[in-house]
Every structure is written in C-alpha cells, then in structure tokens.
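Below is one structure, written out as structure tokens; comments come after it.
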Amino acid sequence: MSTMVRAGLSAIALMGAGFNASFAQAPDWADQADALIEAHWTAQTPGVSVLVRQNGDVVYARGAGLANLETGEAVTPDTVFRLASITKQFTAAVILQLVEEGSLSLDDTIGDLFEGFDQPGANATVRQLLNHTSGIQSYTGIPGWMVEANTNRAYTTDALIAEFSDLPSPNAPGETYAYNNSGYVLLGAIIEMKTGMSWHEAVVERIAEPLGLETLRYGEDSGSMANMASGYTVNEEGAVEASTPIHMSVPHAAGALIANTQDLTHWLEALHGGEIVSPALYQQMTAPTEMADGTEIPYGFGLSVDDVRTRPAIGHSGGIFGFTTDSVYVPDDTLYVTVLANSDQPPLAVGVLMRRLASYALNDPFPMFEAVETDLASLDDLYGVYAIEGTAETRQFFARDGQLYTLRSGGSASEVFPAGDNRFFYGPNSLTWFEIVSSDAGTYQMNMYQQGASEAEPALWSGPVPEQPDVIDLPASTLDAYVGAYALGAAVLEIRFAEAGVLEAQLTGQDPIAINAISETEFLVSGVDARLVFSAGEPAPSVTLQQSGQEILAECVTE
C-alpha cells in the first residue's frame, strides 16, 4: 500500500499550513524514483516519506509503506516522523538568534554558564558545543547507558546534564571533532536559561509558529499529533517489531523534534533563504570547522557540509530508536530533498535514497549495479593488496568462502558483488563502487569511487594478499583469564565467551566480533585488520589493540 502525490496531480495533499507550493509537471525521472522506492518498501513494511523541491516547485513527493503496522495506516506526504538529529539545526538556529540579540556570545564558556563542570570541559565554548569540538563526554556514548532502563523514563534538563557533567572530558576543548549529543543538551539548557521557556517551546515560538509549521513540535507531544508514524526495528531473527521505547526528554535538543516532509522542507527553504539568522551567522553555521592544526572538519553548527555529484551541499541525517532521517540542500541548483523513515533499519539506507533522488533531480544519476554470476576463480589475477595513492594505506581484495571482500588497512572486511567487466559494488546500501583496470606500470589499478564520487581514488597492485597465521585452540582456563571489560578511551571493550572455546569482543555501540587465537596471548579480530594482545595475569590486567599502525592499551575494569 503506497500513496504517491506527483506535482501537478494533487495540490491538496501537499499543502501544509504556510507551505504555499507551486507545482511543476512530474519530472522525467519520476518513474526511476518510483521504481527505486517500490523495490524496497511494500504494503507490509514500515514506510518512508520523501519530498523533492527544486527552483521553488515541489517536483516529487511520495509516501510508501505503512505508518502503523497494527492499523494498516499508509505513509503519505502528511505523515509525521521523529526527526532525530535533524533537530540539531533548529537548536543551533535558536542559539544564533540569541547571539544576534546580544543575550549570548559564541565565545561564552560552559564554566561561565553552568556550575559543576571540571576542567578542561569548563573551558569549552558555545561555538565548540555547536560544532562538536567541546571535548566533553557524550552521554549517548557512555558504555551501557543507551538501554531501556535509562531511555524509557523522563528527565528534567538538569537531571539529564547530571548524567554526564561529573564525567572526565575525553579530550580538551578544540582538540578534536567528536559527534556529541551532550553538547546539544547543553545548548538546549542555554536556550531555557536565556528565554525562560523550555527549549522546544522556544523552537515553536521562534520558528514553527512564524513559519506556519503545524507539525514541527516536541516529540513527547506526538500523542495529539494526527498522522504520527510509529517506530519499528528489526530483531535478531529478522522480524519487524516495535522499536525500543525512548522518552523524548532523552534526545532533548539533540534529537527530539517531529515534523513531516513538507514542514521540514519549508524550514530548510526559510533557513537557507535568509529568514532565520543573519547572513554573517548563517555563514558560520554552514562553514566547515577549522581545527587548530589547520585541518577542516565538514561540519558547521548543526549542519554538515558535503557535496552531491560534485555540487556543494548542506544537510544533516538522523537516527533514533524506530526512525532514520536525512535531508540536503544543494544551493547551486536550489534543490531540497528530505527523506523520513519509520524504521531504524530500513530496507534501503535513507541517505542512499536521498542522494539518489538528488542525483535524479540534478540530471546526473549515480550508477546502478546488479550482481552478475561470476566464477570467482576467474578473478584470481585481480586479488591482492593495492597501495592507495597518496597515503600509507592499502586495500586488500580477496575471495573467502565463496564471497568477495575488500579490507582497508585498519578497517573491517566489506562484502562486494561483481557487476561484470571487472566492476564491483557494495550492495544497495552503498553508493561506493570500484573497477580494476590495467595500469601504465603494467600491473592492475583499483579505481575506487567513494560514495559514487565522480573522481576515482586510485590504488596500485603491490603484491598478493598475505597469508594469515594459523588459528590455534587454547584451553578454557587460559581463555577465562581474558574474559572481562577493558576501558578503551571513552568506550568499553567487553571480552566474553560466544560459545565453548570461542571468545568474542564487543566495543561499546558495535556488534560483537569473534576473536581467534594465534598464540597464547595474541588474537586476530575476525574480519577486521586488527589484533588483540593480552597481558599476563589471571585475570589479564590489560589488553593492547593493534590497528592501523597504532597500539592502544586498555586496562581491565572488571570488578
């Protein structure tokens, strides 16, 4: 069951309050977009809502799948979704309004505004909260914190800040970029401090109401919102089920707003059209962050700086229990694309769908590939290690257990599929592909098109894939000494038995991975270019992670 509204066919379904759209004829790429969506979303799945607006016209809008599996309600362009981290740009915009009004400075520090923060976190500025360089502990990255016992209850702003304010800062302010939800909780608290109202009430008063955005609201108020989608996930058995509950006071000003695609697109047009913040502050909001060493991070204030098919682009994605979202603005083509899904594991990544729709509108589509049956032995000459030009890194290409993989140095093995003519791709949820051609040096060259880039990242064949050391069996008494939790920076590395005689490792926020012994103390991490080396002791006092030419010591923290 799907509902499509093409521009020119139904103005009523697309007309939201304050959204005075004009309509063009359906674009010539509409059939391609329909086919892409219908290949992944059906009448039995959680759904997706998309909207494409170009040069002032809504040129494509569609809902597919179900907003609620229990009632059978279909997704339409009116369906409301949790925005997740797209919320951050609204929070940032209100902060910039307060700066413009003189209530706040981008250089005010956490120590100036809040009590209870130790150094170095207290020196972090509002600017650094906005661009994720504050160095403070992100509460969603606290090992074991994002579980239902914590997420399915209400927090005051002060109580949520107390969850991380006493924790040491992983980095000094300005030292490194690290995506940080705590920073946006603090920005929400600053809004409350300066306006005398809750952060989300300030968003409604300053943005939603002036623009007529009826669905832009705080997520905890969704019970009274018509057309609100329910959130879903996929369990370990592959079945769709209701997502883990989360109270919207938990994502707070980092991710708690809701809206439909129409209101979100109207917001984007107002923001990028100069209606929300001054030109000078907008320029800072949408500019990359320059670090102390001169490197640039493609993130401004609540917005990422990117490109689509070589065109500069500004956008943000989001993910929260039950929902994934993405949006982009391409200034040179006055193009806006929004994609909202009510599953945190949709059948096609919303970022891939967003980019493909944008590429259609730009008349510059990403290549599409289909797997072709291939005798993997016929590719023997292509397998090997490829040295990536301009770097010290390599990428291996090999076959294992009847499947093809690449493995970048320090990374994880990724399955690839043959598309014929020595071209390979990474499946529907990636735009990345590569081809292997003959090089001027008389050997092979791997041309990698990252995220479907127009220009390739070349790598030259430098030798065969190295032989892996033999895996050995260790007695249970030896393995027992390694079981435990190890502090690896701000994360925790857990070592446990997956089954008798087999250990697995799990880093905070990642899936468990089998580890295989090659000596009494040294283990290969399955599918990853990394090793774990345990120190002697019962239990082992530490383990060293060897990856990408680095060695990181993790102390045992098991009580």
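Just so we're on the same page: first chain in the structure tokens is A, next is B, and so on; residues restart at 1 for each chain, and ligands are numbered from 1 in the order they show up.
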Phe369 (chain A) surroundings by only C-alpha atoms, 12 Å radius, close-in-sequence under 3 positions cut, as a PyMOL selection string: chain A and resi 366+372+416-421+423-434+452
Atoms kept (N, CA, C and O atoms) for selection, written as a CSV table (one decimal), in the first residue's frame:
chain,number,residue,atom,x,y,z
A,366,PHE,N,23.6,8.6,-10.0
A,366,PHE,CA,24.6,7.7,-9.6
A,366,PHE,C,24.5,6.4,-10.4
A,366,PHE,O,23.3,6.0,-10.8
A,372,VAL,N,26.1,-10.0,-11.0
A,372,VAL,CA,26.1,-11.0,-12.1
A,372,VAL,C,26.8,-12.2,-11.6
A,372,VAL,O,27.8,-12.1,-10.8
A,416,VAL,N,31.7,-7.4,-1.3
A,416,VAL,CA,31.4,-6.8,-2.5
A,416,VAL,C,30.8,-7.8,-3.5
A,416,VAL,O,30.9,-9.0,-3.3
A,417,PHE,N,30.2,-7.2,-4.6
A,417,PHE,CA,29.5,-8.1,-5.5
A,417,PHE,C,30.0,-7.7,-6.9
A,417,PHE,O,30.2,-6.6,-7.3
A,418,PRO,N,30.2,-8.7,-7.8
A,418,PRO,CA,30.6,-8.5,-9.1
A,418,PRO,C,29.5,-8.0,-10.0
A,418,PRO,O,28.4,-8.5,-10.0
A,419,ALA,N,29.8,-6.9,-10.8
A,419,ALA,CA,28.8,-6.4,-11.7
A,419,ALA,C,29.2,-6.6,-13.2
A,419,ALA,O,28.5,-6.1,-14.1
A,420,GLY,N,30.3,-7.3,-13.4
A,420,GLY,CA,30.8,-7.6,-14.7
A,420,GLY,C,31.8,-6.6,-15.2
A,420,GLY,O,31.9,-5.4,-14.6
A,421,ASP,N,32.6,-6.9,-16.2
A,421,ASP,CA,33.6,-6.0,-16.7
A,421,ASP,C,34.6,-5.5,-15.7
A,421,ASP,O,35.0,-4.3,-15.7
A,423,ARG,N,34.0,-4.7,-12.7
A,423,ARG,CA,33.4,-3.7,-11.8
A,423,ARG,C,32.8,-4.4,-10.6
A,423,ARG,O,32.2,-5.4,-10.8
A,424,PHE,N,32.8,-3.7,-9.5
A,424,PHE,CA,32.3,-4.3,-8.2
A,424,PHE,C,31.7,-3.3,-7.4
A,424,PHE,O,32.1,-2.1,-7.4
A,425,PHE,N,30.6,-3.7,-6.6
A,425,PHE,CA,29.9,-2.7,-5.8
A,425,PHE,C,29.6,-3.3,-4.5
A,425,PHE,O,29.7,-4.6,-4.3
A,426,TYR,N,29.1,-2.5,-3.5
A,426,TYR,CA,29.0,-2.9,-2.1
A,426,TYR,C,27.5,-3.2,-1.7
A,426,TYR,O,27.2,-3.2,-0.6
A,427,GLY,N,26.6,-3.4,-2.7
A,427,GLY,CA,25.2,-3.6,-2.4
A,427,GLY,C,24.4,-2.4,-2.4
A,427,GLY,O,24.9,-1.3,-2.6
A,428,PRO,N,23.1,-2.5,-2.2
A,428,PRO,CA,22.2,-1.4,-2.4
A,428,PRO,C,22.3,-0.3,-1.4
A,428,PRO,O,22.0,0.9,-1.6
A,429,ASN,N,22.9,-0.6,-0.2
A,429,ASN,CA,23.0,0.4,0.9
A,429,ASN,C,24.3,1.2,0.8
A,429,ASN,O,24.7,1.8,1.8
A,430,SER,N,25.0,1.1,-0.3
A,430,SER,CA,26.2,1.9,-0.5
A,430,SER,C,26.2,2.4,-1.9
A,430,SER,O,25.8,1.7,-2.9
A,431,LEU,N,26.7,3.6,-2.1
A,431,LEU,CA,26.9,4.2,-3.5
A,431,LEU,C,28.3,3.9,-4.0
A,431,LEU,O,28.7,4.2,-5.1
A,432,THR,N,29.2,3.4,-3.1
A,432,THR,CA,30.6,3.2,-3.4
A,432,THR,C,30.7,2.0,-4.4
A,432,THR,O,30.1,0.9,-4.2
A,433,TRP,N,31.6,2.1,-5.4
A,433,TRP,CA,31.9,1.0,-6.3
A,433,TRP,C,33.4,1.2,-6.8
A,433,TRP,O,34.0,2.2,-6.5
A,434,PHE,N,33.9,0.1,-7.4
A,434,PHE,CA,35.3,0.2,-7.9
A,434,PHE,C,35.4,-0.6,-9.2
A,434,PHE,O,34.6,-1.5,-9.4
A,452,GLY,N,30.1,7.0,-4.7
A,452,GLY,CA,29.7,7.3,-6.0
A,452,GLY,C,30.4,8.5,-6.6
A,452,GLY,O,29.9,9.2,-7.5
Contacts of region 257-267 of chain A within 7 Å, only C-alpha atoms, excl. fewer than 6 positions in-chain, as a list in words: Gly16, Phe19, Ser49, Val50, Leu51, Pro77, Asp78, Thr79, Val80, Phe81, Arg82, Leu83, Ala84, Thr87, Leu213, Thr215, Leu216, Arg217, Tyr218, Gly219, Tyr336 and Thr338 of chain A
Between CA of Arg62 (chain A) and CA of Ala43 (chain A), distance in Å (one decimal): 13.9 Å
Per-residue DSSP, region 244-391 of chain A, filtered to strand (DSSP E), as a PyMOL selection string: chain A and resi 257-259+289-290+296-297+304-308+311-320+323-330+335-341+384-388
Closest to Ala270 (chain A) among A:Ala254, A:Leu211, A:Leu129, A:Ile161, using only C-alpha atoms? A:Leu211
Do a neighbour search on Ala67 (chain A) at 9 Å with only C-alpha atoms, toss out local chain neighbours closer than 6 positions, and write the hits as a ChimeraX atom specification. /A:45-48,73-76,79-80,227-231,342
Expected file: the selected residues, N, CA, C and O atoms, as a PDB file, in the first residue's frame:
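Result went into again-v7.pdb, see below:
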ATOM      1  N   THR A  45       5.573  -3.308   4.993  1.00  0.00           N
ATOM      2  CA  THR A  45       6.755  -2.832   5.713  1.00  0.00           C
ATOM      3  C   THR A  45       6.511  -1.473   6.352  1.00  0.00           C
ATOM      4  O   THR A  45       5.642  -0.719   5.913  1.00  0.00           O
ATOM      5  N   PRO A  46       7.300  -1.132   7.399  1.00  0.00           N
ATOM      6  CA  PRO A  46       7.345   0.275   7.806  1.00  0.00           C
ATOM      7  C   PRO A  46       7.705   1.129   6.588  1.00  0.00           C
ATOM      8  O   PRO A  46       8.281   0.629   5.615  1.00  0.00           O
ATOM      9  N   GLY A  47       7.376   2.407   6.646  1.00  0.00           N
ATOM     10  CA  GLY A  47       7.400   3.195   5.426  1.00  0.00           C
ATOM     11  C   GLY A  47       8.444   4.287   5.337  1.00  0.00           C
ATOM     12  O   GLY A  47       9.355   4.405   6.156  1.00  0.00           O
ATOM     13  N   VAL A  48       8.254   5.105   4.313  1.00  0.00           N
ATOM     14  CA  VAL A  48       9.151   6.216   4.027  1.00  0.00           C
ATOM     15  C   VAL A  48       8.344   7.325   3.360  1.00  0.00           C
ATOM     16  O   VAL A  48       7.394   7.050   2.621  1.00  0.00           O
ATOM     17  N   GLU A  73      -2.344   1.821   8.590  1.00  0.00           N
ATOM     18  CA  GLU A  73      -2.341   3.194   8.068  1.00  0.00           C
ATOM     19  C   GLU A  73      -1.125   3.402   7.173  1.00  0.00           C
ATOM     20  O   GLU A  73       0.011   3.121   7.558  1.00  0.00           O
ATOM     21  N   ALA A  74      -1.368   3.900   5.966  1.00  0.00           N
ATOM     22  CA  ALA A  74      -0.294   4.082   4.993  1.00  0.00           C
ATOM     23  C   ALA A  74       0.456   5.387   5.247  1.00  0.00           C
ATOM     24  O   ALA A  74      -0.100   6.359   5.775  1.00  0.00           O
ATOM     25  N   VAL A  75       1.719   5.408   4.861  1.00  0.00           N
ATOM     26  CA  VAL A  75       2.501   6.641   4.874  1.00  0.00           C
ATOM     27  C   VAL A  75       2.073   7.505   3.692  1.00  0.00           C
ATOM     28  O   VAL A  75       1.928   7.013   2.567  1.00  0.00           O
ATOM     29  N   THR A  76       1.868   8.779   3.943  1.00  0.00           N
ATOM     30  CA  THR A  76       1.568   9.768   2.908  1.00  0.00           C
ATOM     31  C   THR A  76       2.518  10.948   3.099  1.00  0.00           C
ATOM     32  O   THR A  76       3.262  11.002   4.093  1.00  0.00           O
ATOM     33  N   THR A  79       2.421  12.334   6.645  1.00  0.00           N
ATOM     34  CA  THR A  79       2.820  11.561   7.815  1.00  0.00           C
ATOM     35  C   THR A  79       3.946  12.257   8.572  1.00  0.00           C
ATOM     36  O   THR A  79       4.887  12.782   7.982  1.00  0.00           O
ATOM     37  N   VAL A  80       3.844  12.227   9.897  1.00  0.00           N
ATOM     38  CA  VAL A  80       4.796  12.895  10.783  1.00  0.00           C
ATOM     39  C   VAL A  80       5.775  11.863  11.344  1.00  0.00           C
ATOM     40  O   VAL A  80       5.375  10.764  11.755  1.00  0.00           O
ATOM     41  N   ASN A 227      -1.602  11.792  12.164  1.00  0.00           N
ATOM     42  CA  ASN A 227      -0.684  11.249  11.152  1.00  0.00           C
ATOM     43  C   ASN A 227       0.704  10.930  11.690  1.00  0.00           C
ATOM     44  O   ASN A 227       1.666  10.856  10.924  1.00  0.00           O
ATOM     45  N   MET A 228       0.831  10.695  13.007  1.00  0.00           N
ATOM     46  CA  MET A 228       2.131  10.363  13.578  1.00  0.00           C
ATOM     47  C   MET A 228       2.469   8.905  13.297  1.00  0.00           C
ATOM     48  O   MET A 228       1.695   7.995  13.582  1.00  0.00           O
ATOM     49  N   ALA A 229       3.660   8.685  12.736  1.00  0.00           N
ATOM     50  CA  ALA A 229       4.110   7.323  12.449  1.00  0.00           C
ATOM     51  C   ALA A 229       4.607   6.640  13.715  1.00  0.00           C
ATOM     52  O   ALA A 229       5.158   7.287  14.616  1.00  0.00           O
ATOM     53  N   SER A 230       4.419   5.321  13.778  1.00  0.00           N
ATOM     54  CA  SER A 230       5.008   4.508  14.835  1.00  0.00           C
ATOM     55  C   SER A 230       6.389   4.045  14.383  1.00  0.00           C
ATOM     56  O   SER A 230       6.638   3.877  13.192  1.00  0.00           O
ATOM     57  N   GLY A 231       7.304   3.845  15.347  1.00  0.00           N
ATOM     58  CA  GLY A 231       8.675   3.473  15.017  1.00  0.00           C
ATOM     59  C   GLY A 231       8.920   1.979  15.141  1.00  0.00           C
ATOM     60  O   GLY A 231       8.387   1.326  16.052  1.00  0.00           O
ATOM     61  N   ASN A 342      10.202   5.390   9.138  1.00  0.00           N
ATOM     62  CA  ASN A 342       9.832   4.970  10.492  1.00  0.00           C
ATOM     63  C   ASN A 342      10.348   3.574  10.822  1.00  0.00           C
ATOM     64  O   ASN A 342       9.652   2.721  11.353  1.00  0.00           O
TER      65      ASN A 342
END
Spatial neighbours of Met146 (chain A), max dist 12 Å, only C-alpha atoms, sep filter under 6 positions, as a ChimeraX atom specification: /A:138-140,152-153,163,244-247,250-251,320-321,508-509
Leaving out Val337 (chain A) and any residue of its chain fewer than 4 positions from it, which residues lie within 8 Å of it when counting only C-alpha atoms, given as a PyMOL selection string? chain A and resi 50-53+265+327-329+354+357-358
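Of the listed residues A:Pro27, A:Pro279, A:Pro210, A:Pro173, the one whose atoms come nearest to Glu100 (chain A) is A:Pro279, with distances taken using only C-alpha atoms.
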